[in-house]
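Asker: The file below is target_35.json, JSON, C-alpha atoms and all ligand atoms:
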```json
[["chain", "number", "residue", "atom", "x", "y", "z"],
["A", 228, "MET", "CA", -1.14, 2.57, -26.83],
["A", 229, "PHE", "CA", -0.50, 2.91, -23.11],
["A", 230, "ASP", "CA", 2.57, 1.46, -21.47],
["A", 231, "LEU", "CA", 3.41, 1.62, -17.78],
["A", 232, "MET", "CA", 5.67, 4.67, -18.02],
["A", 233, "LYS", "CA", 3.23, 6.60, -20.16],
["A", 234, "ILE", "CA", 0.50, 5.99, -17.58],
["A", 235, "TYR", "CA", 2.86, 6.98, -14.79],
["A", 236, "ARG", "CA", 3.86, 10.22, -16.48],
["A", 237, "ARG", "CA", 0.24, 11.06, -17.20],
["A", 238, "LEU", "CA", -0.83, 10.46, -13.59],
["A", 239, "PHE", "CA", 2.18, 12.28, -12.13],
["A", 240, "LYS", "CA", 1.53, 15.30, -14.32],
["A", 241, "TYR", "CA", -2.14, 15.33, -13.33],
["A", 242, "TYR", "CA", -1.87, 14.68, -9.57],
["A", 243, "GLY", "CA", 1.70, 15.71, -8.76],
["A", 244, "PRO", "CA", 3.87, 14.02, -6.12],
["A", 245, "ARG", "CA", 1.82, 12.24, -3.43],
["A", 246, "HIS", "CA", 4.38, 12.28, -0.55],
["A", 247, "TRP", "CA", 3.31, 8.82, 0.50],
["A", 248, "TRP", "CA", 3.71, 7.17, 3.07],
["A", 249, "PRO", "CA", 2.73, 9.83, 5.62],
["A", 250, "ALA", "CA", 4.59, 8.62, 8.73],
["A", 251, "GLU", "CA", 7.12, 10.25, 11.07],
["A", 252, "THR", "CA", 9.18, 7.09, 11.60],
["A", 253, "PRO", "CA", 9.62, 3.71, 9.85],
["A", 254, "PHE", "CA", 8.02, 1.99, 12.86],
["A", 255, "GLU", "CA", 4.97, 4.23, 12.62],
["A", 256, "MET", "CA", 4.81, 3.37, 8.92],
["A", 257, "VAL", "CA", 4.81, -0.36, 9.72],
["A", 258, "ILE", "CA", 2.05, 0.05, 12.30],
["A", 259, "GLY", "CA", 0.06, 2.12, 9.78],
["A", 260, "ALA", "CA", 0.48, -0.62, 7.15],
["A", 261, "ILE", "CA", -1.00, -3.20, 9.52],
["A", 262, "LEU", "CA", -3.81, -0.92, 10.67],
["A", 263, "THR", "CA", -4.84, 0.09, 7.16],
["A", 264, "GLN", "CA", -5.93, -3.44, 6.28],
["A", 265, "ASN", "CA", -9.68, -3.40, 5.46],
["A", 266, "THR", "CA", -10.23, 0.23, 6.32],
["A", 267, "ASN", "CA", -9.63, 3.69, 4.92],
["A", 268, "TRP", "CA", -6.70, 5.91, 5.76],
["A", 269, "LYS", "CA", -8.71, 8.47, 7.74],
["A", 270, "ASN", "CA", -9.55, 5.79, 10.33],
["A", 271, "VAL", "CA", -5.90, 4.77, 10.51],
["A", 272, "GLU", "CA", -4.88, 8.39, 11.12],
["A", 273, "LYS", "CA", -7.17, 8.54, 14.16],
["A", 274, "ALA", "CA", -5.67, 5.33, 15.55],
["A", 275, "ILE", "CA", -2.11, 6.57, 14.92],
["A", 276, "THR", "CA", -2.92, 9.88, 16.62],
["A", 277, "ASN", "CA", -4.21, 7.97, 19.66],
["A", 278, "LEU", "CA", -1.01, 5.90, 19.77],
["A", 279, "ARG", "CA", 1.12, 9.03, 19.42],
["A", 280, "ASN", "CA", -0.73, 10.85, 22.21],
["A", 281, "ALA", "CA", -0.26, 7.78, 24.42],
["A", 282, "LYS", "CA", 3.47, 7.78, 23.50],
["A", 283, "ALA", "CA", 2.99, 4.24, 22.25],
["A", 284, "LEU", "CA", 4.69, 4.38, 18.85],
["A", 285, "THR", "CA", 7.71, 2.26, 19.72],
["A", 286, "PRO", "CA", 8.06, -1.54, 19.84],
["A", 287, "ALA", "CA", 8.73, -1.41, 23.59],
["A", 288, "ALA", "CA", 5.72, 0.80, 24.34],
["A", 289, "ILE", "CA", 3.31, -1.23, 22.21],
["A", 290, "GLY", "CA", 4.68, -4.47, 23.64],
["A", 291, "ALA", "CA", 4.16, -3.22, 27.19],
["A", 292, "LEU", "CA", 0.57, -2.01, 26.74],
["A", 293, "PRO", "CA", -2.19, -4.16, 28.21],
["A", 294, "ARG", "CA", -4.05, -5.66, 25.25],
["A", 295, "THR", "CA", -7.36, -4.00, 26.16],
["A", 296, "GLU", "CA", -5.69, -0.58, 26.31],
["A", 297, "LEU", "CA", -4.08, -1.09, 22.93],
["A", 298, "GLU", "CA", -7.42, -2.20, 21.49],
["A", 299, "GLU", "CA", -9.06, 1.01, 22.69],
["A", 300, "LEU", "CA", -6.30, 3.16, 21.16],
["A", 301, "ILE", "CA", -6.60, 1.55, 17.74],
["A", 302, "ARG", "CA", -10.38, 1.01, 17.82],
["A", 303, "PRO", "CA", -10.98, 3.67, 15.07],
["A", 304, "SER", "CA", -9.12, 1.49, 12.54],
["A", 305, "GLY", "CA", -11.70, -1.33, 12.81],
["A", 306, "PHE", "CA", -11.04, -5.04, 13.47],
["A", 307, "PHE", "CA", -9.26, -3.63, 16.50],
["A", 308, "ARG", "CA", -8.91, -6.89, 18.46],
["A", 309, "GLN", "CA", -7.31, -8.69, 15.54],
["A", 310, "LYS", "CA", -5.10, -5.71, 14.71],
["A", 311, "ALA", "CA", -4.04, -5.22, 18.34],
["A", 312, "GLU", "CA", -2.82, -8.80, 18.38],
["A", 313, "ARG", "CA", -0.96, -8.29, 15.10],
["A", 314, "VAL", "CA", 0.86, -5.08, 16.05],
["A", 315, "GLN", "CA", 1.74, -6.51, 19.44],
["A", 316, "LEU", "CA", 3.05, -9.75, 17.92],
["A", 317, "PHE", "CA", 5.14, -7.74, 15.47],
["A", 318, "SER", "CA", 6.49, -5.54, 18.28],
["A", 319, "HIS", "CA", 7.39, -8.61, 20.38],
["A", 320, "TYR", "CA", 9.09, -10.14, 17.36],
["A", 321, "LEU", "CA", 11.22, -7.03, 16.86],
["A", 322, "ARG", "CA", 12.12, -6.82, 20.53],
["A", 323, "TYR", "CA", 13.15, -10.45, 20.88],
["A", 324, "ASN", "CA", 14.86, -10.89, 17.51],
["A", 325, "TYR", "CA", 16.30, -7.42, 16.83],
["A", 326, "ARG", "CA", 16.36, -5.84, 20.30],
["A", 327, "GLY", "CA", 13.55, -3.60, 19.06],
["A", 328, "GLY", "CA", 15.64, -2.33, 16.17],
["A", 329, "LEU", "CA", 13.45, -2.11, 13.08],
["A", 330, "ALA", "CA", 16.36, -0.61, 11.09],
["A", 331, "GLU", "CA", 18.38, -3.77, 11.66],
["A", 332, "MET", "CA", 15.53, -5.93, 10.41],
["A", 333, "LEU", "CA", 14.99, -3.74, 7.34],
["A", 334, "ARG", "CA", 18.69, -3.83, 6.40],
["A", 335, "GLN", "CA", 18.39, -7.41, 5.16],
["A", 336, "PRO", "CA", 18.35, -8.24, 1.45],
["A", 337, "LEU", "CA", 14.94, -7.89, -0.20],
["A", 338, "ALA", "CA", 14.08, -11.57, -0.72],
["A", 339, "ALA", "CA", 15.07, -12.64, 2.79],
["A", 340, "LEU", "CA", 13.26, -9.75, 4.41],
["A", 341, "ARG", "CA", 10.12, -10.28, 2.32],
["A", 342, "GLY", "CA", 10.03, -13.93, 3.37],
["A", 343, "GLU", "CA", 10.50, -12.99, 7.00],
["A", 344, "LEU", "CA", 7.70, -10.42, 6.89],
["A", 345, "LEU", "CA", 5.32, -12.82, 5.16],
["A", 346, "ALA", "CA", 5.93, -15.35, 7.92],
["A", 347, "ARG", "CA", 4.55, -12.90, 10.53],
["A", 348, "LYS", "CA", 0.91, -13.33, 11.50],
["A", 349, "GLY", "CA", -1.35, -10.85, 9.74],
["A", 350, "ILE", "CA", 1.25, -9.64, 7.22],
["A", 351, "GLY", "CA", 0.21, -10.55, 3.69],
["A", 352, "PRO", "CA", 1.93, -9.61, 0.41],
["A", 353, "GLU", "CA", 0.44, -6.09, 0.14],
["A", 354, "THR", "CA", 1.41, -5.19, 3.71],
["A", 355, "ALA", "CA", 4.84, -6.78, 3.31],
["A", 356, "ASP", "CA", 5.56, -4.91, 0.07],
["A", 357, "SER", "CA", 4.34, -1.63, 1.60],
["A", 358, "ILE", "CA", 6.76, -2.11, 4.50],
["A", 359, "LEU", "CA", 9.59, -3.10, 2.16],
["A", 360, "LEU", "CA", 9.09, -0.10, -0.09],
["A", 361, "TYR", "CA", 8.05, 2.69, 2.24],
["A", 362, "ALA", "CA", 9.82, 1.76, 5.49],
["A", 363, "GLY", "CA", 12.76, -0.23, 4.13],
["A", 364, "GLY", "CA", 13.51, 1.59, 0.89],
["A", 365, "HIS", "CA", 13.54, -1.71, -1.02],
["A", 366, "LEU", "CA", 12.46, -2.00, -4.66],
["A", 367, "SER", "CA", 9.28, -3.97, -4.12],
["A", 368, "PHE", "CA", 6.20, -2.91, -6.05],
["A", 369, "VAL", "CA", 2.99, -2.72, -3.99],
["A", 370, "VAL", "CA", -0.12, -4.27, -5.53],
["A", 371, "ASP", "CA", -3.60, -3.65, -4.16],
["A", 372, "ALA", "CA", -7.20, -3.96, -5.32],
["A", 373, "TYR", "CA", -6.92, -0.53, -6.96],
["A", 374, "THR", "CA", -3.96, -1.71, -9.05],
["A", 375, "ARG", "CA", -5.88, -4.70, -10.32],
["A", 376, "ARG", "CA", -8.99, -2.65, -11.11],
["A", 377, "LEU", "CA", -7.24, 0.20, -12.89],
["A", 378, "PHE", "CA", -4.91, -1.87, -15.04],
["A", 379, "THR", "CA", -7.62, -4.35, -15.96],
["A", 380, "ARG", "CA", -9.80, -1.49, -17.14],
["A", 381, "LEU", "CA", -6.92, 0.06, -19.03],
["A", 382, "GLY", "CA", -6.47, -3.27, -20.80],
["A", 383, "LEU", "CA", -2.99, -4.11, -19.48],
["A", 384, "LEU", "CA", -4.14, -6.93, -17.17],
["A", 385, "LYS", "CA", -6.71, -9.67, -17.74],
["A", 386, "GLY", "CA", -7.99, -9.33, -14.19],
["A", 387, "ASP", "CA", -7.52, -12.93, -13.07],
["A", 388, "GLU", "CA", -3.78, -12.68, -12.33],
["A", 389, "ASN", "CA", -2.64, -13.44, -8.80],
["A", 390, "TYR", "CA", -0.75, -10.99, -6.57],
["A", 391, "LEU", "CA", 2.71, -12.19, -7.58],
["A", 392, "GLN", "CA", 1.92, -12.14, -11.29],
["A", 393, "ILE", "CA", 0.78, -8.52, -11.07],
["A", 394, "ARG", "CA", 3.80, -7.53, -8.99],
["A", 395, "ASN", "CA", 6.09, -9.20, -11.54],
["A", 396, "PHE", "CA", 4.26, -7.50, -14.41],
["A", 397, "PHE", "CA", 5.23, -4.11, -12.97],
["A", 398, "MET", "CA", 8.69, -5.03, -11.74],
["A", 399, "GLN", "CA", 9.73, -6.55, -15.07],
["A", 400, "ARG", "CA", 8.72, -3.44, -16.99],
["A", 401, "LEU", "CA", 9.55, -0.48, -14.77],
["A", 402, "PRO", "CA", 12.99, 1.10, -14.34],
["A", 403, "GLU", "CA", 14.51, 0.15, -11.00],
["A", 404, "GLU", "CA", 13.92, 3.48, -9.29],
["A", 405, "LEU", "CA", 12.74, 3.76, -5.73],
["A", 406, "ARG", "CA", 11.00, 7.10, -6.19],
["A", 407, "LEU", "CA", 9.12, 5.76, -9.20],
["A", 408, "TYR", "CA", 7.85, 2.72, -7.26],
["A", 409, "ASN", "CA", 6.95, 4.96, -4.35],
["A", 410, "GLU", "CA", 5.00, 7.48, -6.41],
["A", 411, "TYR", "CA", 3.42, 4.99, -8.79],
["A", 412, "HIS", "CA", 1.54, 3.09, -6.09],
["A", 413, "ALA", "CA", 0.34, 6.32, -4.49],
["A", 414, "LEU", "CA", -0.81, 7.66, -7.88],
["A", 415, "ILE", "CA", -2.80, 4.49, -8.57],
["A", 416, "VAL", "CA", -4.55, 4.95, -5.23],
["A", 417, "ILE", "CA", -5.52, 8.59, -5.88],
["A", 418, "GLN", "CA", -6.62, 7.79, -9.45],
["A", 419, "CYS", "CA", -8.95, 5.06, -8.17],
["A", 420, "LYS", "CA", -10.35, 7.32, -5.47],
["A", 421, "GLU", "CA", -10.92, 10.25, -7.80],
["A", 422, "TYR", "CA", -12.02, 8.60, -11.06],
["A", 423, "CYS", "CA", -11.62, 4.86, -11.40],
["A", 424, "ARG", "CA", -13.96, 3.94, -8.56],
["A", 425, "LYS", "CA", -16.01, 0.74, -8.50],
["A", 426, "LYS", "CA", -18.45, 2.70, -10.65],
["A", 427, "PRO", "CA", -16.00, 4.78, -12.67],
["A", 428, "THR", "CA", -16.31, 8.48, -13.38],
["A", 429, "CYS", "CA", -14.67, 8.54, -16.80],
["A", 430, "SER", "CA", -15.49, 12.11, -17.76],
["A", 431, "GLY", "CA", -12.37, 14.19, -17.13],
["A", 432, "CYS", "CA", -10.23, 11.14, -16.27],
["A", 433, "PRO", "CA", -6.57, 11.77, -17.20],
["A", 434, "LEU", "CA", -6.36, 8.30, -18.78],
["A", 435, "ALA", "CA", -9.63, 8.43, -20.71],
["A", 436, "ASP", "CA", -8.23, 8.80, -24.22],
["A", 437, "GLU", "CA", -6.63, 5.35, -24.32],
["A", 438, "CYS", "CA", -8.64, 3.40, -21.77],
["A", 439, "ARG", "CA", -9.84, 0.01, -23.00],
["A", 440, "TYR", "CA", -12.88, 0.04, -20.70],
["A", 441, "LEU", "CA", -14.05, 3.37, -22.04],
["A", 442, "LEU", "CA", -13.39, 2.42, -25.65],
["A", 443, "ASP", "CA", -15.47, -0.73, -25.14],
["A", 444, "GLN", "CA", -18.29, 1.32, -23.63],
["A", 445, "GLN", "CA", -18.26, 3.65, -26.62],
["A", 446, "SER", "CA", -18.06, 0.88, -29.20],
["A", 447, "PRO", "CA", -21.25, 0.55, -31.29],
["A", 448, "LEU", "CA", -21.05, -3.23, -30.73],
["A", 449, "SER", "CA", -21.10, -2.96, -26.94],
["A", 501, "LIG", "S1", -11.48, 6.23, -18.31],
["A", 501, "LIG", "FE1", -12.85, 5.42, -16.73],
["A", 501, "LIG", "S2", -12.41, 3.23, -16.58],
["A", 501, "LIG", "FE2", -10.73, 4.22, -17.70],
["A", 501, "LIG", "S3", -9.20, 4.67, -16.15],
["A", 501, "LIG", "FE3", -10.44, 6.48, -16.36],
["A", 501, "LIG", "S4", -12.06, 6.24, -14.82],
["A", 501, "LIG", "FE4", -11.10, 4.24, -15.08]]
```
Write out the structure in this file as structure tokens.
Ligand code: SF4
Answerer:
Amino acid sequence: MFDLMKIYRRLFKYYGPRHWWPAETPFEMVIGAILTQNTNWKNVEKAITNLRNAKALTPAAIGALPRTELEELIRPSGFFRQKAERVQLFSHYLRYNYRGGLAEMLRQPLAALRGELLARKGIGPETADSILLYAGGHLSFVVDAYTRRLFTRLGLLKGDENYLQIRNFFMQRLPEELRLYNEYHALIVIQCKEYCRKKPTCSGCPLADECRYLLDQQSPLS
């Protein structure tokens, strides 16, 4: 029977360390977390490269850009008007409340910081937890659609749990280790891209031997 650590060990052995999140600075990571909403990472990389080439990867530089210019730079990430507003609002917030110092903001205790992030326009629980974990080094498990899909198929979730219930499910069962949280989310993502897609490719999947979905498919009653 699978438990969370057995699944983690299996995925880690199969895929190896994922080195996620791929950003040069915590601020770049935060911008990437906002830009990755509703798009794939390749599109975000193009937008981040544009921002880097324009030397616009600081709160001051993003805040000072004319909105139309910022929209053009991040256009590859999709929903570029909405996202331009969000990254600019976040940059203004940092400048006026923390003198642009993201590190100061991230130094707060987890619960207070999570509440503050969730109060920002365009930052939902997944984005907030990504920022907390990957930019802030806080123990906050990141849940996404991949997490729900994989663990429902494995038989550990029912599938109708809300975000917080799934986050709690992981956080109540996993050891409190930053590297584990960091790697686990990234491993779920790669597993769902490689095998557990919307239409799963179960042959060769590293979790196939104990997967509830696959067992149900193979059952003579199904
Ligand atoms: S066996 Fe199939 S359904 Fe189960 S985790 Fe692997 S890919 Fe997903």
Asker: Using all atoms listed in the file, I'd like a table of the residues in stretch 314-350 of chain A that come within 12 Å of stretch 367-378 of chain A; for each, show the closest atom pair and its distance in Å rounded to one decimal, ordered by chain and ascending number, as JSON lines.
Answerer:
```
{"residue": "A:Pro336", "atom": "CA", "partner": "A:Ser367", "partner_atom": "CA", "distance": 11.5}
{"residue": "A:Leu337", "atom": "CA", "partner": "A:Ser367", "partner_atom": "CA", "distance": 7.9}
{"residue": "A:Ala338", "atom": "CA", "partner": "A:Ser367", "partner_atom": "CA", "distance": 9.6}
{"residue": "A:Leu340", "atom": "CA", "partner": "A:Ser367", "partner_atom": "CA", "distance": 11.0}
{"residue": "A:Arg341", "atom": "CA", "partner": "A:Ser367", "partner_atom": "CA", "distance": 9.1}
```
Asker: By how many Å are atom CA of A:Asn270 and atom CA of A:Pro303 apart?
Answerer: 5.4 Å
Asker: Could you pull the residues within 9 Å of stretch 292-297 of chain A, counting all atoms listed in the file, minus those fewer than 6 positions along the same chain, as a VMD selection string?
Answerer: chain A and resid 278 283 307 to 308 311 to 312 315
Asker: If you measure from atom CA of A:Pro427 to atom S4 of ligand LIG 501 (chain A), what distance in Å do you get, rounded to one decimal?
Answerer: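 Calculated distance between atom CA of A:Pro427 and atom S4 of ligand LIG 501 (chain A) is 4.7 Å.
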Asker: Give me the residues near stretch 439-441 of chain A as a PyMOL selection string, where near means some atom within 7 Å (using only C-alpha atoms) and where sequence neighbours in that chain fewer than 4 positions away do not count.
Answerer: chain A and resi 380-382+435+445
Asker: If I take atom CA of A:Ile415 and atom CA of A:Asn277, how far is one from the other in Å, to one decimal?
Answerer: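 Taking atom CA of A:Ile415 as the start and atom CA of A:Asn277 as the end point, the length is 28.5 Å.
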Asker: Please provide as a list of chain:residue names all residues within 8 Å of A:Leu405, with the sequence filter that same-chain residues fewer than 6 positions apart are discarded (counting all atoms listed in the file).
Answerer: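 Those residues are A:Leu360, A:Gly364, A:His365, A:Leu366.
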Asker: Do you know which residues are at most 10 Å from A:Leu238 counting all atoms listed in the file, after dropping those on the same chain fewer than 2 positions away, and could you put them as a VMD selection string?
Answerer: chain A and resid 232 to 236 240 to 244 410 to 411 414 to 415 417 to 418 432 to 434
Asker: My list of candidates is A:Val416, A:Ala281, A:Val314, A:Ala287. Which is closest to A:Trp268 when distances are computed with all atoms listed in the file?
Answerer: A:Val416
Asker: Which residue, A:Tyr390, A:Lys310, A:Phe229, A:Ala260, has the smallest gap to ligand LIG 501 (chain A) when you use only C-alpha atoms and all ligand atoms?
Answerer: A:Phe229
